[in-house]
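Following: one structure in structure tokens, then a few remarks.
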Amino acid sequence: MKIAVASDHRGVRVKEQILAQLESLGHEALDYGPSTGDSVDYPDYAKSVAQDVSNGTLDRGVLICGTGLGMCIAANKFPGVRAVNCHDDFTAEMGRRHNDANIMCLSADLLGDRLLNRIVEIWMTAEFEGGRHGRRIEKIREIEADCCRDPHDG
Ligand code: RB5
């Protein structure tokens, strides 16, 4: 899979760790920055990954900030993006099985290295179940289409 990883200043070390893990799992892992720990604004990095997931350039993305929350809010503004904030095995697995999440957001401040690696491994291997969950995703698409519709159109 082609998957980008980006962070803000709080997540640079975790970003490197996850890039290495994704490579070792056989994925094409792309570093969307930043490269130093200088203070940056998380929406800029959420945008670069989320727009490439939205336009189909990337299969998936991983976004890391202090809590994972700001990244998740920003990423979910992009059409077709289903970003989830994962903090344990269960949220990683259900984010894939039920929500078909294409972006995972992580907290660099709250999660230890071993847990982070486990969460990533589960998220990369768990599969979307479809069925009734597919119907629910379709309803999210409809909400998105309604919200993005030009009010002057028709
Ligand atoms: C940056 O201090 C912090 O606000 C950011 O990393 C993140 O936690 C935002 O949601």
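Convention: chains lettered A, B, ... in structure tokens order; per-chain residue numbering from 1; ligands numbered from 1 as shown.
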When you look at A:Asn76 with a cut-off of 12 Å (counting only C-alpha atoms), what residues show up, excluding the ones that are within fewer than 5 positions of it in the same chain? I need them as a PyMOL selection string. chain A and resi 43+46-47+49-51+53-54+63+69-71+81-85+101-105+140+144
Select the residues contacting ligand 1 at a distance of at most 8 Å, based on only C-alpha atoms and all ligand atoms, then format the selection as a ChimeraX atom specification. /A:8-11,41-42,64-71,107
Export of prior selection with N, CA and C atoms as a PDB file, in the first residue's frame:
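Listed below is the output, selection.pdb:
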ATOM      1  N   ASP A   8       3.091  16.788  13.573  1.00  0.00           N
ATOM      2  CA  ASP A   8       3.543  18.135  13.910  1.00  0.00           C
ATOM      3  C   ASP A   8       4.833  17.965  14.708  1.00  0.00           C
ATOM      4  N   HIS A   9       5.302  19.023  15.349  1.00  0.00           N
ATOM      5  CA  HIS A   9       6.579  18.960  16.068  1.00  0.00           C
ATOM      6  C   HIS A   9       6.573  17.920  17.192  1.00  0.00           C
ATOM      7  N   ARG A  10       5.404  17.654  17.778  1.00  0.00           N
ATOM      8  CA  ARG A  10       5.362  16.717  18.899  1.00  0.00           C
ATOM      9  C   ARG A  10       5.512  15.264  18.435  1.00  0.00           C
ATOM     10  N   GLY A  11       5.274  15.028  17.162  1.00  0.00           N
ATOM     11  CA  GLY A  11       5.244  13.635  16.694  1.00  0.00           C
ATOM     12  C   GLY A  11       6.374  13.227  15.764  1.00  0.00           C
ATOM     13  N   ASP A  41       2.321  24.008  12.548  1.00  0.00           N
ATOM     14  CA  ASP A  41       0.872  23.951  12.772  1.00  0.00           C
ATOM     15  C   ASP A  41       0.312  22.660  12.191  1.00  0.00           C
ATOM     16  N   TYR A  42      -0.296  21.842  13.053  1.00  0.00           N
ATOM     17  CA  TYR A  42      -0.763  20.523  12.605  1.00  0.00           C
ATOM     18  C   TYR A  42      -1.714  20.562  11.395  1.00  0.00           C
ATOM     19  N   ILE A  64       0.216  12.206  13.176  1.00  0.00           N
ATOM     20  CA  ILE A  64       0.580  12.177  14.598  1.00  0.00           C
ATOM     21  C   ILE A  64       0.736  13.593  15.125  1.00  0.00           C
ATOM     22  N   CYS A  65       0.067  13.885  16.236  1.00  0.00           N
ATOM     23  CA  CYS A  65       0.318  15.152  16.943  1.00  0.00           C
ATOM     24  C   CYS A  65       0.314  14.826  18.438  1.00  0.00           C
ATOM     25  N   GLY A  66       0.265  15.840  19.276  1.00  0.00           N
ATOM     26  CA  GLY A  66       0.326  15.581  20.717  1.00  0.00           C
ATOM     27  C   GLY A  66      -0.766  14.613  21.151  1.00  0.00           C
ATOM     28  N   THR A  67      -2.002  14.898  20.775  1.00  0.00           N
ATOM     29  CA  THR A  67      -3.140  14.058  21.169  1.00  0.00           C
ATOM     30  C   THR A  67      -3.702  13.209  20.033  1.00  0.00           C
ATOM     31  N   GLY A  68      -3.423  13.590  18.791  1.00  0.00           N
ATOM     32  CA  GLY A  68      -4.073  12.985  17.615  1.00  0.00           C
ATOM     33  C   GLY A  68      -5.382  13.688  17.276  1.00  0.00           C
ATOM     34  N   LEU A  69      -5.868  14.532  18.158  1.00  0.00           N
ATOM     35  CA  LEU A  69      -7.206  15.113  17.989  1.00  0.00           C
ATOM     36  C   LEU A  69      -7.258  16.187  16.912  1.00  0.00           C
ATOM     37  N   GLY A  70      -6.318  17.129  16.956  1.00  0.00           N
ATOM     38  CA  GLY A  70      -6.327  18.217  15.973  1.00  0.00           C
ATOM     39  C   GLY A  70      -6.151  17.686  14.562  1.00  0.00           C
ATOM     40  N   MET A  71      -5.254  16.710  14.409  1.00  0.00           N
ATOM     41  CA  MET A  71      -5.031  16.097  13.093  1.00  0.00           C
ATOM     42  C   MET A  71      -6.324  15.466  12.578  1.00  0.00           C
ATOM     43  N   SER A 107      -1.706   9.762  19.057  1.00  0.00           N
ATOM     44  CA  SER A 107      -1.132  10.672  20.050  1.00  0.00           C
ATOM     45  C   SER A 107       0.320  10.297  20.321  1.00  0.00           C
TER      46      SER A 107
END
Once DSSP has gone over the backbone, tell me which residues of chain A are in strand (DSSP E), as a PDB file with N, CA, C and O atoms, in the first residue's frame.
ATOM      1  N   LYS A   2       0.366   2.308  -0.614  1.00  0.00           N
ATOM      2  CA  LYS A   2       1.085   3.585  -0.607  1.00  0.00           C
ATOM      3  C   LYS A   2       0.509   4.419   0.540  1.00  0.00           C
ATOM      4  O   LYS A   2      -0.686   4.757   0.514  1.00  0.00           O
ATOM      5  N   ILE A   3       1.343   4.709   1.505  1.00  0.00           N
ATOM      6  CA  ILE A   3       0.830   5.336   2.725  1.00  0.00           C
ATOM      7  C   ILE A   3       1.780   6.420   3.216  1.00  0.00           C
ATOM      8  O   ILE A   3       2.986   6.187   3.313  1.00  0.00           O
ATOM      9  N   ALA A   4       1.237   7.610   3.463  1.00  0.00           N
ATOM     10  CA  ALA A   4       2.068   8.724   3.932  1.00  0.00           C
ATOM     11  C   ALA A   4       1.925   8.880   5.436  1.00  0.00           C
ATOM     12  O   ALA A   4       0.866   8.607   6.013  1.00  0.00           O
ATOM     13  N   VAL A   5       3.009   9.323   6.048  1.00  0.00           N
ATOM     14  CA  VAL A   5       3.008   9.603   7.482  1.00  0.00           C
ATOM     15  C   VAL A   5       3.470  11.043   7.669  1.00  0.00           C
ATOM     16  O   VAL A   5       4.473  11.455   7.072  1.00  0.00           O
ATOM     17  N   ALA A   6       2.719  11.803   8.459  1.00  0.00           N
ATOM     18  CA  ALA A   6       3.114  13.181   8.771  1.00  0.00           C
ATOM     19  C   ALA A   6       2.796  13.448  10.234  1.00  0.00           C
ATOM     20  O   ALA A   6       2.018  12.725  10.866  1.00  0.00           O
ATOM     21  N   SER A   7       3.396  14.500  10.756  1.00  0.00           N
ATOM     22  CA  SER A   7       3.189  14.828  12.165  1.00  0.00           C
ATOM     23  C   SER A   7       3.289  16.338  12.344  1.00  0.00           C
ATOM     24  O   SER A   7       3.549  17.067  11.378  1.00  0.00           O
ATOM     25  N   GLU A  28       4.800   0.958   0.797  1.00  0.00           N
ATOM     26  CA  GLU A  28       5.535   2.126   0.307  1.00  0.00           C
ATOM     27  C   GLU A  28       5.191   3.280   1.257  1.00  0.00           C
ATOM     28  O   GLU A  28       4.088   3.834   1.206  1.00  0.00           O
ATOM     29  N   ALA A  29       6.132   3.600   2.146  1.00  0.00           N
ATOM     30  CA  ALA A  29       5.874   4.591   3.197  1.00  0.00           C
ATOM     31  C   ALA A  29       6.523   5.919   2.830  1.00  0.00           C
ATOM     32  O   ALA A  29       7.728   5.983   2.588  1.00  0.00           O
ATOM     33  N   LEU A  30       5.708   6.960   2.755  1.00  0.00           N
ATOM     34  CA  LEU A  30       6.194   8.275   2.327  1.00  0.00           C
ATOM     35  C   LEU A  30       6.204   9.242   3.510  1.00  0.00           C
ATOM     36  O   LEU A  30       5.224   9.326   4.256  1.00  0.00           O
ATOM     37  N   ASP A  31       7.305   9.966   3.639  1.00  0.00           N
ATOM     38  CA  ASP A  31       7.465  10.928   4.729  1.00  0.00           C
ATOM     39  C   ASP A  31       6.962  12.293   4.271  1.00  0.00           C
ATOM     40  O   ASP A  31       7.575  12.941   3.434  1.00  0.00           O
ATOM     41  N   ARG A  60      -3.583   5.334   1.983  1.00  0.00           N
ATOM     42  CA  ARG A  60      -3.876   5.649   3.388  1.00  0.00           C
ATOM     43  C   ARG A  60      -2.888   6.670   3.937  1.00  0.00           C
ATOM     44  O   ARG A  60      -1.861   6.945   3.317  1.00  0.00           O
ATOM     45  N   GLY A  61      -3.209   7.175   5.145  1.00  0.00           N
ATOM     46  CA  GLY A  61      -2.301   8.089   5.824  1.00  0.00           C
ATOM     47  C   GLY A  61      -2.292   7.856   7.322  1.00  0.00           C
ATOM     48  O   GLY A  61      -3.256   7.326   7.889  1.00  0.00           O
ATOM     49  N   VAL A  62      -1.185   8.243   7.926  1.00  0.00           N
ATOM     50  CA  VAL A  62      -1.070   8.238   9.390  1.00  0.00           C
ATOM     51  C   VAL A  62      -0.633   9.636   9.811  1.00  0.00           C
ATOM     52  O   VAL A  62       0.309  10.194   9.231  1.00  0.00           O
ATOM     53  N   LEU A  63      -1.347  10.203  10.780  1.00  0.00           N
ATOM     54  CA  LEU A  63      -1.064  11.564  11.242  1.00  0.00           C
ATOM     55  C   LEU A  63      -0.832  11.546  12.747  1.00  0.00           C
ATOM     56  O   LEU A  63      -1.633  10.956  13.495  1.00  0.00           O
ATOM     57  N   ILE A  64       0.216  12.206  13.176  1.00  0.00           N
ATOM     58  CA  ILE A  64       0.580  12.177  14.598  1.00  0.00           C
ATOM     59  C   ILE A  64       0.736  13.593  15.125  1.00  0.00           C
ATOM     60  O   ILE A  64       1.449  14.412  14.531  1.00  0.00           O
ATOM     61  N   CYS A  65       0.067  13.885  16.236  1.00  0.00           N
ATOM     62  CA  CYS A  65       0.318  15.152  16.943  1.00  0.00           C
ATOM     63  C   CYS A  65       0.314  14.826  18.438  1.00  0.00           C
ATOM     64  O   CYS A  65       0.377  13.654  18.815  1.00  0.00           O
ATOM     65  N   ALA A  83     -11.069   9.680   8.864  1.00  0.00           N
ATOM     66  CA  ALA A  83      -9.949   9.668   9.806  1.00  0.00           C
ATOM     67  C   ALA A  83     -10.449   9.283  11.189  1.00  0.00           C
ATOM     68  O   ALA A  83     -11.504   9.752  11.630  1.00  0.00           O
ATOM     69  N   VAL A  84      -9.700   8.404  11.851  1.00  0.00           N
ATOM     70  CA  VAL A  84     -10.059   7.977  13.206  1.00  0.00           C
ATOM     71  C   VAL A  84      -8.864   8.176  14.137  1.00  0.00           C
ATOM     72  O   VAL A  84      -7.715   8.027  13.726  1.00  0.00           O
ATOM     73  N   ASN A  85      -9.183   8.505  15.369  1.00  0.00           N
ATOM     74  CA  ASN A  85      -8.133   8.654  16.380  1.00  0.00           C
ATOM     75  C   ASN A  85      -8.058   7.341  17.153  1.00  0.00           C
ATOM     76  O   ASN A  85      -8.999   6.977  17.853  1.00  0.00           O
ATOM     77  N   ILE A 103      -7.464   7.101   7.181  1.00  0.00           N
ATOM     78  CA  ILE A 103      -6.412   7.832   7.896  1.00  0.00           C
ATOM     79  C   ILE A 103      -6.515   7.482   9.381  1.00  0.00           C
ATOM     80  O   ILE A 103      -7.620   7.445   9.944  1.00  0.00           O
ATOM     81  N   MET A 104      -5.364   7.202   9.971  1.00  0.00           N
ATOM     82  CA  MET A 104      -5.320   6.960  11.412  1.00  0.00           C
ATOM     83  C   MET A 104      -4.529   8.077  12.078  1.00  0.00           C
ATOM     84  O   MET A 104      -3.437   8.439  11.616  1.00  0.00           O
ATOM     85  N   CYS A 105      -5.105   8.633  13.139  1.00  0.00           N
ATOM     86  CA  CYS A 105      -4.437   9.696  13.891  1.00  0.00           C
ATOM     87  C   CYS A 105      -3.995   9.135  15.236  1.00  0.00           C
ATOM     88  O   CYS A 105      -4.728   8.349  15.859  1.00  0.00           O
ATOM     89  N   LEU A 106      -2.808   9.533  15.650  1.00  0.00           N
ATOM     90  CA  LEU A 106      -2.222   8.963  16.864  1.00  0.00           C
ATOM     91  C   LEU A 106      -1.685  10.052  17.775  1.00  0.00           C
ATOM     92  O   LEU A 106      -1.215  11.096  17.307  1.00  0.00           O
ATOM     93  N   SER A 107      -1.706   9.762  19.057  1.00  0.00           N
ATOM     94  CA  SER A 107      -1.132  10.672  20.050  1.00  0.00           C
ATOM     95  C   SER A 107       0.320  10.297  20.321  1.00  0.00           C
ATOM     96  O   SER A 107       0.615   9.177  20.746  1.00  0.00           O
TER      97      SER A 107
END
Smallest atom-to-atom distance to A:Asp89: which of A:Ile119, A:Ala108, A:Ala74, A:Leu22, using only C-alpha atoms? A:Ile119
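With only C-alpha atoms as the atoms that count, the minimum distance from A:Leu115 to the choices A:Asp88, A:Ala75, A:Glu129, A:Asn55 is reached by A:Asp88.
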